[in-house]
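Undergrad: Input model_28.pdb, format and content: PDB, N, CA and C atoms, pLDDT in the B column.
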```pdb
ATOM      1  N   PRO A 263      15.185 -11.256  -9.813  1.00 50.00           N
ATOM      2  CA  PRO A 263      14.558  -9.951  -9.598  1.00 50.00           C
ATOM      3  C   PRO A 263      15.423  -8.823 -10.151  1.00 50.00           C
ATOM      4  N   LYS A 264      14.752  -7.781 -10.637  1.00 60.00           N
ATOM      5  CA  LYS A 264      15.472  -6.631 -11.169  1.00 60.00           C
ATOM      6  C   LYS A 264      16.127  -5.850 -10.038  1.00 60.00           C
ATOM      7  N   GLU A 265      17.262  -5.220 -10.365  1.00 69.00           N
ATOM      8  CA  GLU A 265      17.933  -4.379  -9.383  1.00 69.00           C
ATOM      9  C   GLU A 265      17.188  -3.055  -9.286  1.00 69.00           C
ATOM     10  N   GLU A 266      16.979  -2.580  -8.083  1.00 72.00           N
ATOM     11  CA  GLU A 266      16.221  -1.364  -7.852  1.00 72.00           C
ATOM     12  C   GLU A 266      17.123  -0.141  -7.968  1.00 72.00           C
ATOM     13  N   ASN A 267      16.682   0.864  -8.741  1.00 84.00           N
ATOM     14  CA  ASN A 267      17.461   2.091  -8.843  1.00 84.00           C
ATOM     15  C   ASN A 267      16.905   3.139  -7.879  1.00 84.00           C
ATOM     16  N   LEU A 268      17.531   4.290  -7.842  1.00 89.00           N
ATOM     17  CA  LEU A 268      17.171   5.333  -6.875  1.00 89.00           C
ATOM     18  C   LEU A 268      15.742   5.817  -7.053  1.00 89.00           C
ATOM     19  N   ILE A 269      15.317   6.047  -8.281  1.00 87.00           N
ATOM     20  CA  ILE A 269      13.968   6.580  -8.491  1.00 87.00           C
ATOM     21  C   ILE A 269      12.900   5.560  -8.066  1.00 87.00           C
ATOM     22  N   GLN A 270      13.146   4.285  -8.303  1.00 88.00           N
ATOM     23  CA  GLN A 270      12.214   3.256  -7.844  1.00 88.00           C
ATOM     24  C   GLN A 270      12.168   3.238  -6.320  1.00 88.00           C
ATOM     25  N   TRP A 271      13.320   3.347  -5.692  1.00 88.00           N
ATOM     26  CA  TRP A 271      13.389   3.328  -4.234  1.00 88.00           C
ATOM     27  C   TRP A 271      12.621   4.503  -3.641  1.00 88.00           C
ATOM     28  N   VAL A 272      12.780   5.689  -4.225  1.00 88.00           N
ATOM     29  CA  VAL A 272      12.079   6.893  -3.743  1.00 88.00           C
ATOM     30  C   VAL A 272      10.576   6.743  -3.965  1.00 88.00           C
ATOM     31  N   ALA A 273      10.171   6.306  -5.158  1.00 90.00           N
ATOM     32  CA  ALA A 273       8.749   6.158  -5.467  1.00 90.00           C
ATOM     33  C   ALA A 273       8.087   5.150  -4.533  1.00 90.00           C
ATOM     34  N   LYS A 274       8.745   4.027  -4.311  1.00 89.00           N
ATOM     35  CA  LYS A 274       8.176   3.022  -3.419  1.00 89.00           C
ATOM     36  C   LYS A 274       8.132   3.514  -1.973  1.00 89.00           C
ATOM     37  N   GLY A 275       9.111   4.327  -1.580  1.00 88.00           N
ATOM     38  CA  GLY A 275       9.085   4.927  -0.245  1.00 88.00           C
ATOM     39  C   GLY A 275       7.916   5.887  -0.084  1.00 88.00           C
ATOM     40  N   MET A 276       7.628   6.647  -1.132  1.00 89.00           N
ATOM     41  CA  MET A 276       6.491   7.574  -1.088  1.00 89.00           C
ATOM     42  C   MET A 276       5.166   6.810  -1.018  1.00 89.00           C
ATOM     43  N   ILE A 277       5.080   5.708  -1.746  1.00 86.00           N
ATOM     44  CA  ILE A 277       3.868   4.889  -1.691  1.00 86.00           C
ATOM     45  C   ILE A 277       3.692   4.303  -0.293  1.00 86.00           C
ATOM     46  N   ARG A 278       4.779   3.792   0.291  1.00 89.00           N
ATOM     47  CA  ARG A 278       4.710   3.245   1.663  1.00 89.00           C
ATOM     48  C   ARG A 278       4.291   4.320   2.664  1.00 89.00           C
ATOM     49  N   PHE A 279       4.813   5.541   2.513  1.00 90.00           N
ATOM     50  CA  PHE A 279       4.418   6.642   3.388  1.00 90.00           C
ATOM     51  C   PHE A 279       2.917   6.899   3.263  1.00 90.00           C
ATOM     52  N   HIS A 280       2.425   6.911   2.042  1.00 87.00           N
ATOM     53  CA  HIS A 280       0.992   7.102   1.822  1.00 87.00           C
ATOM     54  C   HIS A 280       0.191   5.986   2.491  1.00 87.00           C
ATOM     55  N   GLN A 281       0.639   4.742   2.312  1.00 84.00           N
ATOM     56  CA  GLN A 281      -0.088   3.607   2.879  1.00 84.00           C
ATOM     57  C   GLN A 281      -0.074   3.598   4.399  1.00 84.00           C
ATOM     58  N   GLU A 282       1.017   3.997   5.002  1.00 85.00           N
ATOM     59  CA  GLU A 282       1.160   3.889   6.452  1.00 85.00           C
ATOM     60  C   GLU A 282       0.740   5.140   7.219  1.00 85.00           C
ATOM     61  N   VAL A 283       0.778   6.328   6.594  1.00 87.00           N
ATOM     62  CA  VAL A 283       0.493   7.573   7.304  1.00 87.00           C
ATOM     63  C   VAL A 283      -0.783   8.248   6.790  1.00 87.00           C
ATOM     64  N   ILE A 284      -0.852   8.494   5.514  1.00 81.00           N
ATOM     65  CA  ILE A 284      -1.974   9.255   4.959  1.00 81.00           C
ATOM     66  C   ILE A 284      -3.239   8.422   4.878  1.00 81.00           C
ATOM     67  N   SER A 285      -3.145   7.223   4.327  1.00 80.00           N
ATOM     68  CA  SER A 285      -4.329   6.393   4.126  1.00 80.00           C
ATOM     69  C   SER A 285      -5.072   6.059   5.425  1.00 80.00           C
ATOM     70  N   PRO A 286      -4.386   5.675   6.508  1.00 74.00           N
ATOM     71  CA  PRO A 286      -5.128   5.405   7.742  1.00 74.00           C
ATOM     72  C   PRO A 286      -5.872   6.638   8.274  1.00 74.00           C
ATOM     73  N   ALA A 287      -5.303   7.811   8.084  1.00 78.00           N
ATOM     74  CA  ALA A 287      -5.956   9.034   8.558  1.00 78.00           C
ATOM     75  C   ALA A 287      -7.123   9.424   7.663  1.00 78.00           C
ATOM     76  N   ASP A 288      -7.017   9.117   6.380  1.00 69.00           N
ATOM     77  CA  ASP A 288      -8.024   9.514   5.404  1.00 69.00           C
ATOM     78  C   ASP A 288      -9.100   8.447   5.224  1.00 69.00           C
ATOM     79  N   GLY A 289      -8.794   7.216   5.521  1.00 67.00           N
ATOM     80  CA  GLY A 289      -9.750   6.126   5.380  1.00 67.00           C
ATOM     81  C   GLY A 289      -9.678   5.484   4.007  1.00 67.00           C
ATOM     82  N   PRO A 290     -10.148   4.241   3.898  1.00 65.00           N
ATOM     83  CA  PRO A 290     -10.082   3.531   2.621  1.00 65.00           C
ATOM     84  C   PRO A 290     -11.042   4.146   1.601  1.00 65.00           C
ATOM     85  N   ARG A 291     -10.595   4.257   0.385  1.00 66.00           N
ATOM     86  CA  ARG A 291     -11.425   4.821  -0.680  1.00 66.00           C
ATOM     87  C   ARG A 291     -11.441   3.947  -1.922  1.00 66.00           C
ATOM     88  N   SER A 292     -10.515   3.031  -2.035  1.00 67.00           N
ATOM     89  CA  SER A 292     -10.387   2.233  -3.249  1.00 67.00           C
ATOM     90  C   SER A 292     -11.402   1.106  -3.268  1.00 67.00           C
ATOM     91  N   HIS A 293     -12.062   0.927  -4.429  1.00 72.00           N
ATOM     92  CA  HIS A 293     -12.948  -0.214  -4.567  1.00 72.00           C
ATOM     93  C   HIS A 293     -12.287  -1.333  -5.374  1.00 72.00           C
ATOM     94  N   PHE A 294     -11.014  -1.141  -5.706  1.00 72.00           N
ATOM     95  CA  PHE A 294     -10.243  -2.157  -6.410  1.00 72.00           C
ATOM     96  C   PHE A 294      -9.532  -3.057  -5.417  1.00 72.00           C
ATOM     97  N   TYR A 295      -9.236  -4.280  -5.850  1.00 81.00           N
ATOM     98  CA  TYR A 295      -8.388  -5.166  -5.078  1.00 81.00           C
ATOM     99  C   TYR A 295      -7.289  -5.660  -5.987  1.00 81.00           C
ATOM    100  N   PRO A 296      -6.037  -5.504  -5.657  1.00 82.00           N
ATOM    101  CA  PRO A 296      -5.511  -4.786  -4.501  1.00 82.00           C
ATOM    102  C   PRO A 296      -5.739  -3.288  -4.653  1.00 82.00           C
ATOM    103  N   SER A 297      -5.529  -2.566  -3.586  1.00 81.00           N
ATOM    104  CA  SER A 297      -5.729  -1.118  -3.630  1.00 81.00           C
ATOM    105  C   SER A 297      -4.820  -0.516  -4.699  1.00 81.00           C
ATOM    106  N   SER A 298      -5.159   0.684  -5.133  1.00 82.00           N
ATOM    107  CA  SER A 298      -4.379   1.326  -6.192  1.00 82.00           C
ATOM    108  C   SER A 298      -2.929   1.565  -5.777  1.00 82.00           C
ATOM    109  N   SER A 299      -2.700   1.881  -4.510  1.00 85.00           N
ATOM    110  CA  SER A 299      -1.318   2.088  -4.070  1.00 85.00           C
ATOM    111  C   SER A 299      -0.541   0.772  -4.087  1.00 85.00           C
ATOM    112  N   SER A 300      -1.159  -0.312  -3.672  1.00 87.00           N
ATOM    113  CA  SER A 300      -0.493  -1.619  -3.719  1.00 87.00           C
ATOM    114  C   SER A 300      -0.245  -2.049  -5.158  1.00 87.00           C
ATOM    115  N   TYR A 301      -1.210  -1.799  -6.028  1.00 89.00           N
ATOM    116  CA  TYR A 301      -1.065  -2.125  -7.438  1.00 89.00           C
ATOM    117  C   TYR A 301       0.105  -1.365  -8.051  1.00 89.00           C
ATOM    118  N   THR A 302       0.199  -0.059  -7.765  1.00 91.00           N
ATOM    119  CA  THR A 302       1.276   0.756  -8.300  1.00 91.00           C
ATOM    120  C   THR A 302       2.624   0.290  -7.761  1.00 91.00           C
ATOM    121  N   PHE A 303       2.684  -0.023  -6.473  1.00 90.00           N
ATOM    122  CA  PHE A 303       3.904  -0.538  -5.856  1.00 90.00           C
ATOM    123  C   PHE A 303       4.357  -1.812  -6.571  1.00 90.00           C
ATOM    124  N   GLN A 304       3.433  -2.729  -6.788  1.00 90.00           N
ATOM    125  CA  GLN A 304       3.758  -3.985  -7.461  1.00 90.00           C
ATOM    126  C   GLN A 304       4.153  -3.762  -8.915  1.00 90.00           C
ATOM    127  N   ALA A 305       3.467  -2.830  -9.585  1.00 91.00           N
ATOM    128  CA  ALA A 305       3.784  -2.544 -10.988  1.00 91.00           C
ATOM    129  C   ALA A 305       5.185  -1.946 -11.113  1.00 91.00           C
ATOM    130  N   ILE A 306       5.575  -1.079 -10.186  1.00 90.00           N
ATOM    131  CA  ILE A 306       6.923  -0.503 -10.220  1.00 90.00           C
ATOM    132  C   ILE A 306       7.960  -1.590  -9.975  1.00 90.00           C
ATOM    133  N   GLU A 307       7.683  -2.503  -9.062  1.00 89.00           N
ATOM    134  CA  GLU A 307       8.611  -3.610  -8.811  1.00 89.00           C
ATOM    135  C   GLU A 307       8.751  -4.504 -10.036  1.00 89.00           C
ATOM    136  N   ARG A 308       7.646  -4.789 -10.693  1.00 90.00           N
ATOM    137  CA  ARG A 308       7.640  -5.736 -11.797  1.00 90.00           C
ATOM    138  C   ARG A 308       8.120  -5.138 -13.119  1.00 90.00           C
ATOM    139  N   HIS A 309       7.697  -3.900 -13.412  1.00 89.00           N
ATOM    140  CA  HIS A 309       7.937  -3.328 -14.739  1.00 89.00           C
ATOM    141  C   HIS A 309       8.917  -2.168 -14.765  1.00 89.00           C
ATOM    142  N   GLY A 310       9.416  -1.752 -13.613  1.00 87.00           N
ATOM    143  CA  GLY A 310      10.291  -0.589 -13.560  1.00 87.00           C
ATOM    144  C   GLY A 310       9.478   0.665 -13.290  1.00 87.00           C
ATOM    145  N   PHE A 311      10.174   1.778 -13.064  1.00 89.00           N
ATOM    146  CA  PHE A 311       9.495   2.991 -12.625  1.00 89.00           C
ATOM    147  C   PHE A 311       8.528   3.547 -13.659  1.00 89.00           C
ATOM    148  N   LEU A 312       8.982   3.788 -14.869  1.00 90.00           N
ATOM    149  CA  LEU A 312       8.153   4.497 -15.844  1.00 90.00           C
ATOM    150  C   LEU A 312       6.878   3.736 -16.179  1.00 90.00           C
ATOM    151  N   THR A 313       7.006   2.484 -16.560  1.00 91.00           N
ATOM    152  CA  THR A 313       5.828   1.690 -16.905  1.00 91.00           C
ATOM    153  C   THR A 313       4.944   1.482 -15.683  1.00 91.00           C
ATOM    154  N   GLY A 314       5.530   1.198 -14.532  1.00 90.00           N
ATOM    155  CA  GLY A 314       4.754   1.014 -13.309  1.00 90.00           C
ATOM    156  C   GLY A 314       4.001   2.267 -12.912  1.00 90.00           C
ATOM    157  N   PHE A 315       4.664   3.419 -13.047  1.00 90.00           N
ATOM    158  CA  PHE A 315       4.019   4.700 -12.747  1.00 90.00           C
ATOM    159  C   PHE A 315       2.843   4.950 -13.689  1.00 90.00           C
ATOM    160  N   LEU A 316       3.019   4.685 -14.971  1.00 92.00           N
ATOM    161  CA  LEU A 316       1.934   4.884 -15.942  1.00 92.00           C
ATOM    162  C   LEU A 316       0.771   3.932 -15.675  1.00 92.00           C
ATOM    163  N   LEU A 317       1.071   2.694 -15.327  1.00 91.00           N
ATOM    164  CA  LEU A 317       0.011   1.745 -14.978  1.00 91.00           C
ATOM    165  C   LEU A 317      -0.740   2.207 -13.732  1.00 91.00           C
ATOM    166  N   GLY A 318      -0.009   2.729 -12.754  1.00 90.00           N
ATOM    167  CA  GLY A 318      -0.635   3.248 -11.544  1.00 90.00           C
ATOM    168  C   GLY A 318      -1.513   4.459 -11.829  1.00 90.00           C
ATOM    169  N   CYS A 319      -1.040   5.352 -12.699  1.00 88.00           N
ATOM    170  CA  CYS A 319      -1.853   6.527 -13.078  1.00 88.00           C
ATOM    171  C   CYS A 319      -3.128   6.099 -13.779  1.00 88.00           C
ATOM    172  N   ASP A 320      -3.018   5.115 -14.666  1.00 87.00           N
ATOM    173  CA  ASP A 320      -4.208   4.599 -15.352  1.00 87.00           C
ATOM    174  C   ASP A 320      -5.207   4.038 -14.353  1.00 87.00           C
ATOM    175  N   ARG A 321      -4.699   3.318 -13.381  1.00 87.00           N
ATOM    176  CA  ARG A 321      -5.562   2.738 -12.341  1.00 87.00           C
ATOM    177  C   ARG A 321      -6.252   3.831 -11.530  1.00 87.00           C
ATOM    178  N   LEU A 322      -5.511   4.881 -11.156  1.00 83.00           N
ATOM    179  CA  LEU A 322      -6.092   5.975 -10.383  1.00 83.00           C
ATOM    180  C   LEU A 322      -7.157   6.735 -11.166  1.00 83.00           C
ATOM    181  N   MET A 323      -6.964   6.848 -12.470  1.00 81.00           N
ATOM    182  CA  MET A 323      -7.949   7.560 -13.292  1.00 81.00           C
ATOM    183  C   MET A 323      -9.275   6.796 -13.363  1.00 81.00           C
ATOM    184  N   ARG A 324      -9.224   5.488 -13.160  1.00 79.00           N
ATOM    185  CA  ARG A 324     -10.447   4.679 -13.159  1.00 79.00           C
ATOM    186  C   ARG A 324     -10.942   4.368 -11.753  1.00 79.00           C
ATOM    187  N   GLU A 325     -10.416   5.061 -10.756  1.00 77.00           N
ATOM    188  CA  GLU A 325     -10.677   4.759  -9.348  1.00 77.00           C
ATOM    189  C   GLU A 325     -12.146   4.917  -8.949  1.00 77.00           C
ATOM    190  N   ASN A 326     -12.815   5.921  -9.432  1.00 70.00           N
ATOM    191  CA  ASN A 326     -14.210   6.104  -9.012  1.00 70.00           C
ATOM    192  C   ASN A 326     -15.090   6.401 -10.224  1.00 70.00           C
ATOM    193  N   ASP A 327     -16.378   6.394 -10.003  1.00 68.00           N
ATOM    194  CA  ASP A 327     -17.331   6.591 -11.086  1.00 68.00           C
ATOM    195  C   ASP A 327     -17.808   8.026 -11.196  1.00 68.00           C
ATOM    196  N   ASP A 328     -17.217   8.939 -10.438  1.00 63.00           N
ATOM    197  CA  ASP A 328     -17.629  10.340 -10.508  1.00 63.00           C
ATOM    198  C   ASP A 328     -17.301  10.915 -11.873  1.00 63.00           C
ATOM    199  N   PRO A 329     -18.172  11.754 -12.415  1.00 62.00           N
ATOM    200  CA  PRO A 329     -17.883  12.373 -13.717  1.00 62.00           C
ATOM    201  C   PRO A 329     -16.749  13.379 -13.594  1.00 62.00           C
ATOM    202  N   TRP A 330     -16.009  13.537 -14.671  1.00 58.00           N
ATOM    203  CA  TRP A 330     -14.929  14.524 -14.704  1.00 58.00           C
ATOM    204  C   TRP A 330     -15.530  15.894 -14.810  1.00 58.00           C
ATOM    205  N   LEU A 331     -15.030  16.818 -14.010  1.00 59.00           N
ATOM    206  CA  LEU A 331     -15.503  18.211 -14.040  1.00 59.00           C
ATOM    207  C   LEU A 331     -14.381  19.098 -14.540  1.00 59.00           C
ATOM    208  N   TYR A 332     -14.670  19.813 -15.582  1.00 58.00           N
ATOM    209  CA  TYR A 332     -13.672  20.735 -16.144  1.00 58.00           C
ATOM    210  C   TYR A 332     -14.086  22.143 -15.827  1.00 58.00           C
ATOM    211  N   THR A 333     -13.192  22.909 -15.221  1.00 55.00           N
ATOM    212  CA  THR A 333     -13.524  24.302 -14.888  1.00 55.00           C
ATOM    213  C   THR A 333     -12.644  25.253 -15.640  1.00 55.00           C
TER     214      THR A 333
END
```
For the file at hand, write its structure as structure tokens.
TA:
Amino acid sequence: PKEENLIQWVAKGMIRFHQEVISPADGPRSHFYPSSSSYTFQAIERHGFLTGFLLGCDRLMRENDDPWLYT
């Protein structure tokens, strides 16, 4: 396994906070399996922070079928 650096540790801590505090209060919204937060967490563990973060952002952008609104 890769050694975890500070930015990975902080990012994964923020994801865990979202999963344990925000998500239960807000309710499930993801139609993907695993959820987008779990996917991003796993991607950061597997590929490092930058690539994992970009993969997570890509996943979030495809999260729902609502049209993009530009104002």
Undergrad: Would you give me, as an NGL selection string, the residues in segment 271-325 of chain A that DSSP reads as helix (DSSP H, G or I)?
TA: :A and (271-288 or 298-309 or 311-323)
Undergrad: Using the chain letters and residue numbers of this document, give as number ranges by chain the residues selected by the PyMOL selection byres (((chain A and resi 269 and name CA) around 12) and name CA).
TA: A: 265-268, 270-276, 306-307, 310-312, 314-315
Undergrad: Given the PyMOL selection byres ((chain A and resi 299) around 8) and the file above, list the residues it selects as a list in words.
TA: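 Applying the expression gives Ile277, Arg278, His280, Gln281, Ser292, Pro296, Ser297, Ser298, Ser300, Tyr301, Thr302, Phe303, Gln304, Ala305, Gly318 and Leu322 of chain A.
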Undergrad: Report the distance between atom CA of Pro286 of chain A and atom C of Arg308 of chain A in Å, rounded to one decimal place.
TA: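 Atom-to-atom, atom CA of Pro286 of chain A and atom C of Arg308 of chain A are spaced 26.9 Å apart.
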Undergrad: Segment 311-326 of chain A, all listed atoms, 8 Å padding on each side: what axis-aligned box centre and edge lengths in Å to one decimal come out, as JSON?
TA:
```
{"center_x": -2.5, "center_y": 4.3, "center_z": -12.9, "size_x": 41.3, "size_y": 22.5, "size_z": 24.0}
```
Undergrad: For this structure, which residues satisfy the selection - the PyMOL selection byres (((chain A and resi 325 and name CA) around 8) and name CA) - when it is evaluated on the file as given? I want them as a list in words.
TA: Ser292, His293, Phe294, Ser298, Arg321, Leu322, Met323, Arg324, Asn326 and Asp327 of chain A
Undergrad: Write a file of the selected residues as a PDB file, keeping the file's coordinate frame, keeping N, CA and C atoms.
TA:
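And here's selection.pdb as it stands now:
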```pdb
ATOM      1  N   SER A 292     -10.515   3.031  -2.035  1.00 67.00           N
ATOM      2  CA  SER A 292     -10.387   2.233  -3.249  1.00 67.00           C
ATOM      3  C   SER A 292     -11.402   1.106  -3.268  1.00 67.00           C
ATOM      4  N   HIS A 293     -12.062   0.927  -4.429  1.00 72.00           N
ATOM      5  CA  HIS A 293     -12.948  -0.214  -4.567  1.00 72.00           C
ATOM      6  C   HIS A 293     -12.287  -1.333  -5.374  1.00 72.00           C
ATOM      7  N   PHE A 294     -11.014  -1.141  -5.706  1.00 72.00           N
ATOM      8  CA  PHE A 294     -10.243  -2.157  -6.410  1.00 72.00           C
ATOM      9  C   PHE A 294      -9.532  -3.057  -5.417  1.00 72.00           C
ATOM     10  N   SER A 298      -5.159   0.684  -5.133  1.00 82.00           N
ATOM     11  CA  SER A 298      -4.379   1.326  -6.192  1.00 82.00           C
ATOM     12  C   SER A 298      -2.929   1.565  -5.777  1.00 82.00           C
ATOM     13  N   ARG A 321      -4.699   3.318 -13.381  1.00 87.00           N
ATOM     14  CA  ARG A 321      -5.562   2.738 -12.341  1.00 87.00           C
ATOM     15  C   ARG A 321      -6.252   3.831 -11.530  1.00 87.00           C
ATOM     16  N   LEU A 322      -5.511   4.881 -11.156  1.00 83.00           N
ATOM     17  CA  LEU A 322      -6.092   5.975 -10.383  1.00 83.00           C
ATOM     18  C   LEU A 322      -7.157   6.735 -11.166  1.00 83.00           C
ATOM     19  N   MET A 323      -6.964   6.848 -12.470  1.00 81.00           N
ATOM     20  CA  MET A 323      -7.949   7.560 -13.292  1.00 81.00           C
ATOM     21  C   MET A 323      -9.275   6.796 -13.363  1.00 81.00           C
ATOM     22  N   ARG A 324      -9.224   5.488 -13.160  1.00 79.00           N
ATOM     23  CA  ARG A 324     -10.447   4.679 -13.159  1.00 79.00           C
ATOM     24  C   ARG A 324     -10.942   4.368 -11.753  1.00 79.00           C
ATOM     25  N   ASN A 326     -12.815   5.921  -9.432  1.00 70.00           N
ATOM     26  CA  ASN A 326     -14.210   6.104  -9.012  1.00 70.00           C
ATOM     27  C   ASN A 326     -15.090   6.401 -10.224  1.00 70.00           C
ATOM     28  N   ASP A 327     -16.378   6.394 -10.003  1.00 68.00           N
ATOM     29  CA  ASP A 327     -17.331   6.591 -11.086  1.00 68.00           C
ATOM     30  C   ASP A 327     -17.808   8.026 -11.196  1.00 68.00           C
TER      31      ASP A 327
END
```
Undergrad: Tell me, in Å to one decimal, how far atom CA of Asp320 of chain A is from atom CA of Tyr295 of chain A.
TA: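 Computing it gives 14.8 Å between the two atoms.
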